[in-house]
>>> print(open('run_37.cif').read())   # mmCIF, C-alpha atoms and all ligand atoms
data_structure
#
loop_
_atom_site.label_atom_id
_atom_site.label_comp_id
_atom_site.auth_asym_id
_atom_site.auth_seq_id
_atom_site.Cartn_x
_atom_site.Cartn_y
_atom_site.Cartn_z
CA MET A 168 23.21 -21.29 -20.11
CA ILE A 169 22.68 -23.54 -17.10
CA LEU A 170 20.17 -21.95 -14.71
CA LYS A 171 22.23 -22.81 -11.66
CA ASP A 172 25.19 -20.92 -13.15
CA ILE A 173 23.02 -17.81 -13.44
CA LEU A 174 22.06 -18.23 -9.78
CA ASN A 175 25.77 -18.34 -8.93
CA ILE A 176 26.29 -15.07 -10.84
CA TYR A 177 23.40 -13.55 -8.84
CA HIS A 178 25.12 -14.57 -5.60
CA LYS A 179 28.47 -13.21 -6.73
CA GLU A 180 26.98 -9.87 -7.74
CA LEU A 181 24.34 -9.37 -5.07
CA ASP A 182 25.19 -11.21 -1.84
CA ASP A 183 27.16 -8.27 -0.43
CA LEU A 184 24.14 -6.03 -0.96
CA PHE A 185 21.31 -8.31 0.13
CA GLY A 186 22.72 -11.47 1.75
CA ASN A 187 22.54 -15.05 0.47
CA GLU A 188 18.97 -15.87 1.52
CA GLU A 189 17.41 -12.73 0.06
CA VAL A 190 19.23 -13.34 -3.23
CA ASN A 191 17.89 -16.90 -3.37
CA SER A 192 14.44 -15.54 -2.75
CA PHE A 193 14.79 -12.89 -5.53
CA PHE A 194 15.99 -15.57 -7.94
CA ASN A 195 13.10 -17.89 -7.14
CA ILE A 196 10.58 -15.10 -7.64
CA LEU A 197 12.19 -14.11 -10.95
CA ILE A 198 12.38 -17.61 -12.45
CA GLU A 199 8.76 -18.20 -11.53
CA HIS A 200 7.74 -14.87 -13.07
CA TYR A 201 9.78 -15.05 -16.28
CA LEU A 202 10.15 -18.80 -16.86
CA ASP A 203 7.23 -20.25 -14.96
CA LEU A 204 9.68 -22.44 -13.04
CA LYS A 205 9.42 -23.39 -9.37
CA ARG A 206 12.35 -23.37 -6.93
CA ILE A 207 12.26 -27.16 -6.81
CA HIS A 208 13.33 -27.21 -10.47
CA LEU A 209 16.81 -26.07 -9.51
CA VAL A 210 17.06 -28.96 -7.05
CA LEU A 211 15.58 -31.69 -9.25
CA GLU A 212 17.34 -30.66 -12.45
CA PRO A 213 20.65 -29.04 -11.52
CA GLU A 214 21.80 -29.06 -15.15
CA TYR A 215 18.60 -27.39 -16.46
CA ALA A 216 19.58 -25.00 -19.24
CA ILE A 217 17.71 -22.03 -20.67
CA THR A 218 17.98 -20.23 -24.01
CA LYS A 219 19.63 -16.85 -24.65
CA GLU A 220 16.18 -15.27 -24.98
CA GLU A 221 15.11 -16.69 -21.65
CA GLU A 222 18.33 -15.48 -20.00
CA GLN A 223 17.81 -11.88 -21.03
CA PRO A 224 15.16 -10.78 -18.50
CA LEU A 225 17.11 -12.49 -15.71
CA PHE A 226 20.25 -10.47 -16.52
CA GLU A 227 18.21 -7.27 -16.90
CA ALA A 228 16.64 -7.90 -13.50
CA LEU A 229 20.11 -8.51 -12.03
CA ALA A 230 21.27 -5.08 -13.25
CA HIS A 231 18.16 -3.44 -11.73
CA LEU A 232 18.64 -5.24 -8.42
CA LYS A 233 22.27 -4.09 -8.35
CA SER A 234 21.07 -0.51 -8.71
CA GLN A 235 18.73 -1.08 -5.71
CA LYS A 236 15.50 -1.05 -7.71
CA PRO A 237 12.85 -2.85 -5.64
CA ILE A 238 11.88 -6.23 -7.08
CA GLN A 239 8.20 -5.18 -7.14
CA TYR A 240 9.04 -2.39 -9.61
CA ILE A 241 11.17 -4.77 -11.70
CA LEU A 242 8.26 -7.18 -12.00
CA GLY A 243 5.64 -4.43 -12.15
CA GLU A 244 3.52 -6.31 -9.64
CA THR A 245 3.17 -7.32 -6.02
CA GLU A 246 0.76 -9.03 -3.66
CA PHE A 247 -1.34 -7.28 -1.01
CA TYR A 248 -3.82 -8.95 1.32
CA GLY A 249 -3.62 -12.06 -0.89
CA LEU A 250 -4.53 -10.14 -4.04
CA PRO A 251 -2.40 -9.21 -7.08
CA PHE A 252 -1.56 -5.53 -7.65
CA LYS A 253 0.27 -3.77 -10.45
CA VAL A 254 2.83 -1.19 -9.30
CA ASN A 255 5.06 1.33 -11.04
CA GLN A 256 7.25 4.31 -10.16
CA HIS A 257 4.16 6.47 -9.60
CA THR A 258 2.73 4.25 -6.88
CA LEU A 259 4.01 3.38 -3.45
CA ILE A 260 4.72 -0.33 -3.02
CA PRO A 261 2.01 -1.49 -0.58
CA ARG A 262 3.44 -2.41 2.83
CA PRO A 263 2.56 -5.26 5.23
CA GLU A 264 1.62 -2.68 7.90
CA THR A 265 -1.12 -1.47 5.57
CA GLU A 266 -2.42 -5.04 5.30
CA GLU A 267 -2.86 -4.90 9.09
CA LEU A 268 -4.90 -1.70 8.72
CA VAL A 269 -7.11 -3.36 6.10
CA ASP A 270 -7.51 -6.39 8.34
CA TRP A 271 -8.58 -4.16 11.24
CA ILE A 272 -11.24 -2.49 9.09
CA ILE A 273 -12.52 -5.79 7.70
CA ASN A 274 -12.75 -7.37 11.16
CA SER A 275 -14.51 -4.38 12.66
CA HIS A 276 -17.03 -4.15 9.84
CA SER A 277 -17.71 -7.74 8.84
CA GLU A 278 -20.32 -8.16 11.59
CA ARG A 279 -21.97 -4.91 10.66
CA SER A 280 -21.94 -5.83 7.03
CA GLU A 281 -23.83 -9.04 7.78
CA GLU A 282 -26.46 -6.98 9.60
CA SER A 283 -26.56 -4.43 6.83
CA GLN A 284 -26.96 -7.18 4.27
CA LEU A 285 -30.24 -7.98 5.98
CA GLU A 286 -31.12 -4.30 6.08
CA GLU A 287 -30.25 -4.00 2.38
CA SER A 288 -28.12 -0.95 3.18
CA GLN A 289 -24.77 -0.35 1.57
CA LEU A 290 -21.57 0.50 3.45
CA LYS A 291 -20.01 3.56 1.81
CA ILE A 292 -16.24 3.72 2.08
CA LEU A 293 -13.74 6.33 0.94
CA ASP A 294 -9.98 5.69 0.72
CA ILE A 295 -7.96 8.92 0.59
CA GLY A 296 -4.52 8.76 -1.11
CA THR A 297 -5.22 5.43 -2.74
CA GLY A 298 -1.96 4.88 -4.69
CA THR A 299 -2.23 1.38 -6.19
CA GLY A 300 -5.75 1.20 -4.78
CA CYS A 301 -4.63 -1.56 -2.43
CA ILE A 302 -6.78 -0.48 0.53
CA ALA A 303 -9.90 0.36 -1.46
CA ILE A 304 -9.74 -2.75 -3.64
CA SER A 305 -9.07 -5.16 -0.74
CA LEU A 306 -12.02 -3.68 1.16
CA ALA A 307 -14.27 -3.91 -1.90
CA LYS A 308 -13.22 -7.53 -2.34
CA HIS A 309 -13.74 -8.60 1.27
CA LEU A 310 -16.61 -6.51 2.62
CA LYS A 311 -20.02 -7.38 1.26
CA LYS A 312 -22.51 -4.73 0.18
CA THR A 313 -20.10 -1.82 -0.08
CA LYS A 314 -19.72 1.11 -2.38
CA VAL A 315 -16.04 1.99 -2.35
CA SER A 316 -14.58 5.26 -3.62
CA ALA A 317 -10.89 6.08 -3.80
CA LEU A 318 -9.19 9.44 -4.21
CA ASP A 319 -5.68 10.47 -5.22
CA VAL A 320 -4.05 13.64 -6.48
CA SER A 321 -1.84 11.66 -8.87
CA GLU A 322 -3.35 10.89 -12.27
CA ASP A 323 -0.55 8.37 -12.86
CA ALA A 324 -1.31 6.51 -9.63
CA LEU A 325 -5.03 6.48 -10.48
CA LYS A 326 -4.26 4.86 -13.85
CA ILE A 327 -2.63 1.92 -12.04
CA ALA A 328 -5.38 1.81 -9.39
CA LYS A 329 -8.02 1.52 -12.13
CA GLN A 330 -6.10 -1.37 -13.71
CA ASN A 331 -5.91 -3.03 -10.30
CA ALA A 332 -9.66 -2.74 -9.76
CA LYS A 333 -10.18 -4.47 -13.11
CA LEU A 334 -7.56 -7.11 -12.32
CA ASN A 335 -9.33 -7.92 -9.06
CA GLU A 336 -12.81 -7.65 -10.56
CA VAL A 337 -14.18 -5.05 -8.19
CA ASP A 338 -16.12 -1.90 -8.82
CA VAL A 339 -14.44 1.15 -7.27
CA GLU A 340 -15.20 4.78 -8.06
CA PHE A 341 -11.94 6.69 -8.61
CA ILE A 342 -11.69 10.42 -7.97
CA LYS A 343 -8.81 12.70 -8.89
CA ASP A 344 -8.58 15.39 -6.24
CA ASN A 345 -6.31 17.17 -3.81
CA ILE A 346 -7.36 16.51 -0.23
CA LEU A 347 -5.37 19.52 0.96
CA ASN A 348 -7.55 21.76 -1.13
CA SER A 349 -10.74 21.56 0.91
CA ARG A 350 -12.72 23.57 -1.64
CA HIS A 351 -12.29 20.67 -4.09
CA ALA A 352 -12.55 17.94 -1.49
CA GLU A 353 -15.94 19.24 -0.38
CA GLY A 354 -17.10 18.64 -3.92
CA VAL A 355 -16.16 14.98 -3.73
CA SER A 356 -19.28 13.86 -1.97
CA THR A 357 -22.58 14.91 -0.57
CA SER A 358 -22.61 15.77 3.14
CA HIS A 359 -22.45 13.03 5.79
CA TYR A 360 -22.21 10.42 3.12
CA TYR A 361 -19.55 7.92 4.10
CA ASP A 362 -19.75 5.20 6.74
CA VAL A 363 -15.99 4.67 6.69
CA ILE A 364 -13.12 6.94 5.72
CA VAL A 365 -9.64 5.41 5.59
CA SER A 366 -6.30 6.89 4.70
CA ASN A 367 -2.63 6.05 4.61
CA PRO A 368 -1.45 9.54 3.67
CA PRO A 369 2.14 10.76 3.26
CA TYR A 370 3.63 10.91 6.78
CA VAL A 371 7.42 10.62 6.70
CA ARG A 372 9.12 13.81 7.89
CA ASN A 373 12.15 15.08 6.01
CA LEU A 374 14.08 14.72 9.26
CA GLU A 375 13.42 10.95 9.08
CA LYS A 376 15.00 10.63 5.62
CA ALA A 377 18.20 9.31 7.20
CA GLU A 378 16.25 6.24 8.42
CA ILE A 379 14.86 5.47 4.96
CA GLN A 380 16.57 2.78 2.88
CA PRO A 381 18.26 4.09 -0.30
CA ASN A 382 16.15 1.75 -2.46
CA VAL A 383 13.01 3.47 -1.11
CA LEU A 384 14.42 7.00 -1.33
CA GLU A 385 15.65 6.59 -4.88
CA ASN A 386 12.72 4.67 -6.34
CA GLU A 387 9.44 5.35 -4.58
CA PRO A 388 7.41 8.52 -5.29
CA HIS A 389 8.25 11.28 -2.82
CA LEU A 390 4.73 12.66 -3.29
CA ALA A 391 3.47 9.49 -1.57
CA LEU A 392 5.96 9.57 1.29
CA PHE A 393 7.10 12.93 2.60
CA VAL A 394 5.66 15.81 4.58
CA GLU A 395 7.26 19.00 5.87
CA ASP A 396 8.92 18.74 9.31
CA GLU A 397 6.96 21.80 10.49
CA ASN A 398 3.57 20.36 9.58
CA PRO A 399 3.78 16.55 9.82
CA LEU A 400 0.05 16.06 10.47
CA GLN A 401 -1.05 18.27 7.58
CA PHE A 402 -2.86 15.43 5.80
CA TYR A 403 -4.47 14.10 8.98
CA LYS A 404 -5.86 17.56 9.85
CA ALA A 405 -7.25 18.00 6.34
CA ILE A 406 -8.82 14.53 6.44
CA CYS A 407 -10.34 15.10 9.91
CA GLU A 408 -11.87 18.34 8.60
CA PHE A 409 -13.14 16.49 5.55
CA ALA A 410 -14.55 13.75 7.81
CA GLN A 411 -16.44 16.29 9.92
CA LEU A 412 -18.36 17.23 6.80
CA ASN A 413 -18.54 13.94 4.95
CA LEU A 414 -18.61 11.14 7.49
CA LYS A 415 -21.99 9.98 8.81
CA ASP A 416 -22.67 10.30 12.54
CA ASN A 417 -21.17 7.20 14.16
CA GLY A 418 -19.13 6.69 11.00
CA THR A 419 -15.57 5.44 11.44
CA LEU A 420 -12.20 6.94 10.55
CA PHE A 421 -9.09 4.77 10.18
CA PHE A 422 -5.57 6.04 9.60
CA GLU A 423 -2.15 4.54 9.12
CA ILE A 424 0.22 6.81 11.02
CA ASN A 425 3.84 7.74 11.61
CA GLU A 426 5.13 5.50 14.40
CA TYR A 427 6.61 8.51 16.24
CA LEU A 428 3.41 10.57 16.25
CA GLY A 429 0.89 8.34 18.06
CA LYS A 430 0.32 10.76 20.97
CA GLU A 431 -0.03 13.73 18.62
CA MET A 432 -2.57 11.78 16.56
CA ILE A 433 -4.68 10.96 19.64
CA GLN A 434 -4.60 14.66 20.54
CA LEU A 435 -5.60 15.68 17.02
CA MET A 436 -8.53 13.27 16.88
CA LYS A 437 -9.69 14.46 20.33
CA GLU A 438 -9.59 18.07 19.08
CA PHE A 439 -11.86 17.00 16.23
CA LYS A 440 -14.19 15.36 18.81
CA PHE A 441 -13.80 11.79 17.61
CA LYS A 442 -15.00 9.17 20.10
CA ASP A 443 -13.73 5.68 21.03
CA ILE A 444 -10.22 6.62 19.82
CA GLU A 445 -7.95 3.60 19.65
CA LEU A 446 -4.24 3.52 18.81
CA LYS A 447 -2.93 0.19 17.55
CA LYS A 448 0.56 -1.21 17.11
CA ASP A 449 1.77 -3.05 14.03
CA MET A 450 3.45 -6.47 14.05
CA PHE A 451 6.77 -4.76 14.83
CA GLY A 452 5.32 -3.22 18.00
CA LYS A 453 5.20 0.29 16.54
CA ASP A 454 2.26 2.71 16.90
CA ARG A 455 0.94 2.44 13.35
CA MET A 456 -2.85 2.74 13.15
CA ILE A 457 -5.55 4.81 14.77
CA PHE A 458 -9.31 4.62 14.82
CA GLY A 459 -12.00 7.07 15.82
CA ARG A 460 -15.78 7.23 15.63
CA LYS A 461 -17.62 10.43 14.75
C1 LIG B 1 1.56 6.71 1.58
S1 LIG B 1 0.85 6.68 -0.04
C2 LIG B 1 -0.40 5.46 0.22
C3 LIG B 1 -0.77 4.68 -1.00
C4 LIG B 1 -1.70 3.49 -0.73
N1 LIG B 1 -2.95 3.92 -0.13
C5 LIG B 1 -1.02 2.48 0.18
O1 LIG B 1 -1.43 2.39 1.35
O2 LIG B 1 -0.10 1.79 -0.26
C6 LIG B 1 -0.01 8.24 -0.09
C7 LIG B 1 -0.82 8.53 -1.34
O3 LIG B 1 -1.38 9.84 -1.20
C8 LIG B 1 -1.36 10.49 -2.45
N2 LIG B 1 -1.37 11.96 -2.22
C9 LIG B 1 -0.31 12.77 -1.95
N3 LIG B 1 -0.73 14.04 -1.80
C10 LIG B 1 -2.07 14.03 -1.97
C11 LIG B 1 -3.08 15.04 -1.96
N4 LIG B 1 -2.76 16.31 -1.70
N5 LIG B 1 -4.37 14.69 -2.19
C12 LIG B 1 -4.70 13.40 -2.43
N6 LIG B 1 -3.79 12.39 -2.47
C13 LIG B 1 -2.49 12.70 -2.24
C14 LIG B 1 -0.10 10.00 -3.14
O4 LIG B 1 -0.18 10.15 -4.55
C15 LIG B 1 -0.05 8.54 -2.66
O5 LIG B 1 -0.67 7.70 -3.58
#
>>> encode(input="run_37.cif", output="structure tokens")
Amino acid sequence: MILKDILNIYHKELDDLFGNEEVNSFFNILIEHYLDLKRIHLVLEPEYAITKEEEQPLFEALAHLKSQKPIQYILGETEFYGLPFKVNQHTLIPRPETEELVDWIINSHSERSEESQLEESQLKILDIGTGTGCIAISLAKHLKKTKVSALDVSEDALKIAKQNAKLNEVDVEFIKDNILNSRHAEGVSTSHYYDVIVSNPPYVRNLEKAEIQPNVLENEPHLALFVEDENPLQFYKAICEFAQLNLKDNGTLFFEINEYLGKEMIQLMKEFKFKDIELKKDMFGKDRMIFGRK
């Protein structure tokens, strides 16, 4: 079949759902992934034809897109902070806001890491709720002289995170644990061990479900997303408690947060006596990240 004709079928079937531009972009990503063809191919060779075998994954992907499955899950991969990551239904698809959090951590520690390189000391980092491992692995890749650990309660997510560490050729220690069960979490490390603790924990309240796109609600793991309306900061409290025990003095704590709970987060971190608290907006102008020093 002629490739351009398949693109026309994509537009016919999907434009109402996603709009013309997004459909073009999906198609370009898919032909590159499955056929190793660049977008320019469609322009230079409008009559380019592919075999039945080559057509098959494109039509399967079309059916998945029609049912609102995110393209990252269709391909089983995505990109985060310039690095490749495998994803599946057990892992949240990493978001651009989280890249901003990683960037903040890297910028605020790159100077220190140069100093510590001279001092021969290692920066110890823990990522809580690691999912694909995107935060932990990006930090391990970009910050010199670090020992990065990453924790998640989901065995299935940890399987993917381990594959991602291999894929990106970094050494990360993975820990299966429940951060809400402090008895276990205390066992994760020795006291006052970490220089940096970072987390993007579940933070979407059930009352915000109406704002969530159906493709997210139906495909992404609810374990990674939702918290009870009555206790929306449950993970942040548990992690602050954990940090009191396991973060070094002057160590740093970074969170991604619910855009509606910035003030409450400042209050919480004050209650836990964190210093130099800083709330930061994401590229959409929403309160999205917070920092504190022990
Ligand atoms: C919002 S996702 C973040 C994933 C990844 N760090 C990212 O930024 O894309 C939250 C993660 O926390 C994990 N999680 C949920 N409950 C947990 C718990 N009680 N203890 C540890 N991890 C938990 C989920 O499995 C999920 O991977």
>>> closest_residue(input="run_37.cif", among="A:Glu214, A:Pro224, A:Met436, A:Ile302", to="Ile198 (chain A)", atoms="only C-alpha atoms")
A:Pro224
>>> atom_distance(input="run_37.cif", atom1="CA of Lys430 (chain A)", atom2="CA of Asp270 (chain A)")
22.7 Å
>>> closest_residue(input="run_37.cif", among="A:Leu435, A:Leu242, A:Ala405, A:Ala324", to="ligand LIG 1 (chain B)", atoms="only C-alpha atoms and all ligand atoms")
A:Ala324
>>> residues_near_point(input="run_37.cif", point="(-4.4, 3.2, 1.5)", cutoff="9 Å", atoms="only C-alpha atoms", output="mmCIF file with C-alpha atoms, in the coordinates of the input")
data_model
loop_
_atom_site.group_PDB
_atom_site.id
_atom_site.type_symbol
_atom_site.label_atom_id
_atom_site.label_comp_id
_atom_site.auth_asym_id
_atom_site.auth_seq_id
_atom_site.Cartn_x
_atom_site.Cartn_y
_atom_site.Cartn_z
ATOM 1 C CA PRO A 261 2.010 -1.490 -0.580
ATOM 2 C CA THR A 265 -1.120 -1.470 5.570
ATOM 3 C CA LEU A 268 -4.900 -1.700 8.720
ATOM 4 C CA VAL A 269 -7.110 -3.360 6.100
ATOM 5 C CA ASP A 294 -9.980 5.690 0.720
ATOM 6 C CA ILE A 295 -7.960 8.920 0.590
ATOM 7 C CA GLY A 296 -4.520 8.760 -1.110
ATOM 8 C CA THR A 297 -5.220 5.430 -2.740
ATOM 9 C CA GLY A 298 -1.960 4.880 -4.690
ATOM 10 C CA THR A 299 -2.230 1.380 -6.190
ATOM 11 C CA GLY A 300 -5.750 1.200 -4.780
ATOM 12 C CA CYS A 301 -4.630 -1.560 -2.430
ATOM 13 C CA ILE A 302 -6.780 -0.480 0.530
ATOM 14 C CA ALA A 303 -9.900 0.360 -1.460
ATOM 15 C CA ALA A 317 -10.890 6.080 -3.800
ATOM 16 C CA VAL A 365 -9.640 5.410 5.590
ATOM 17 C CA SER A 366 -6.300 6.890 4.700
ATOM 18 C CA ASN A 367 -2.630 6.050 4.610
ATOM 19 C CA PRO A 368 -1.450 9.540 3.670
ATOM 20 C CA PHE A 422 -5.570 6.040 9.600
ATOM 21 C CA GLU A 423 -2.150 4.540 9.120
#
>>> closest_residue(input="run_37.cif", among="A:Thr258, A:Thr313, A:Asn335, A:Ser192", to="ligand LIG 1 (chain B)", atoms="all atoms listed in the file")
A:Thr258
>>> closest_residue(input="run_37.cif", among="A:His389, A:Lys179, A:His276, A:Lys171", to="ligand LIG 1 (chain B)", atoms="only C-alpha atoms and all ligand atoms")
A:His389
>>> closest_residue(input="run_37.cif", among="A:Leu293, A:Met432, A:Met450, A:Ala328", to="Leu400 (chain A)", atoms="all atoms listed in the file")
A:Met432
>>> residues_around(input="run_37.cif", residues="Leu392 (chain A)", least_positions_apart="3", cutoff="12 Å", atoms="all atoms listed in the file", output="PyMOL selection string")
chain A and resi 257-261+296+298+367-373+375-376+379+383-389+395+399+402+424-425
>>> axis_aligned_box(input="run_37.cif", around="region 326-340 of chain A", padding_each_side="4 Å", output="JSON")
{"center_x": -9.4, "center_y": -1.5, "center_z": -10.6, "size_x": 21.5, "size_y": 20.8, "size_z": 14.6}
>>> residues_around(input="run_37.cif", residues="Phe341 (chain A)", least_positions_apart="5", cutoff="8 Å", atoms="only C-alpha atoms", output="PyMOL selection string")
chain A and resi 316-318+325+329
>>> residues_around(input="run_37.cif", residues="Val320 (chain A)", least_positions_apart="2", cutoff="6 Å", atoms="all atoms listed in the file", output="list in words")
Lys343, Asp344 and Asn345 of chain A
>>> atom_distance(input="run_37.cif", atom1="CA of Met168 (chain A)", atom2="CA of Asn195 (chain A)")
16.8 Å
>>> closest_residue(input="run_37.cif", among="A:Glu438, A:Asp319, A:Glu221, A:Glu227", to="ligand LIG 1 (chain B)", atoms="all atoms listed in the file")
A:Asp319
>>> atom_distance(input="run_37.cif", atom1="CA of Lys461 (chain A)", atom2="CA of Asn348 (chain A)")
22.0 Å
>>> residues_around(input="run_37.cif", residues="Arg455 (chain A)", least_positions_apart="2", cutoff="8 Å", atoms="all atoms listed in the file", output="list of chain:residue names")
A:Glu264, A:Glu423, A:Ile424, A:Asn425, A:Glu426, A:Gly429, A:Leu446, A:Lys447, A:Lys448, A:Asp449, A:Lys453, A:Ile457
>>> write_last_selection(input="run_37.cif", atoms="C-alpha atoms", output="PDB file, in the coordinates of the input")
ATOM      1  CA  GLU A 264       1.620  -2.680   7.900  1.00  0.00           C
ATOM      2  CA  GLU A 423      -2.150   4.540   9.120  1.00  0.00           C
ATOM      3  CA  ILE A 424       0.220   6.810  11.020  1.00  0.00           C
ATOM      4  CA  ASN A 425       3.840   7.740  11.610  1.00  0.00           C
ATOM      5  CA  GLU A 426       5.130   5.500  14.400  1.00  0.00           C
ATOM      6  CA  GLY A 429       0.890   8.340  18.060  1.00  0.00           C
ATOM      7  CA  LEU A 446      -4.240   3.520  18.810  1.00  0.00           C
ATOM      8  CA  LYS A 447      -2.930   0.190  17.550  1.00  0.00           C
ATOM      9  CA  LYS A 448       0.560  -1.210  17.110  1.00  0.00           C
ATOM     10  CA  ASP A 449       1.770  -3.050  14.030  1.00  0.00           C
ATOM     11  CA  LYS A 453       5.200   0.290  16.540  1.00  0.00           C
ATOM     12  CA  ILE A 457      -5.550   4.810  14.770  1.00  0.00           C
TER      13      ILE A 457
END
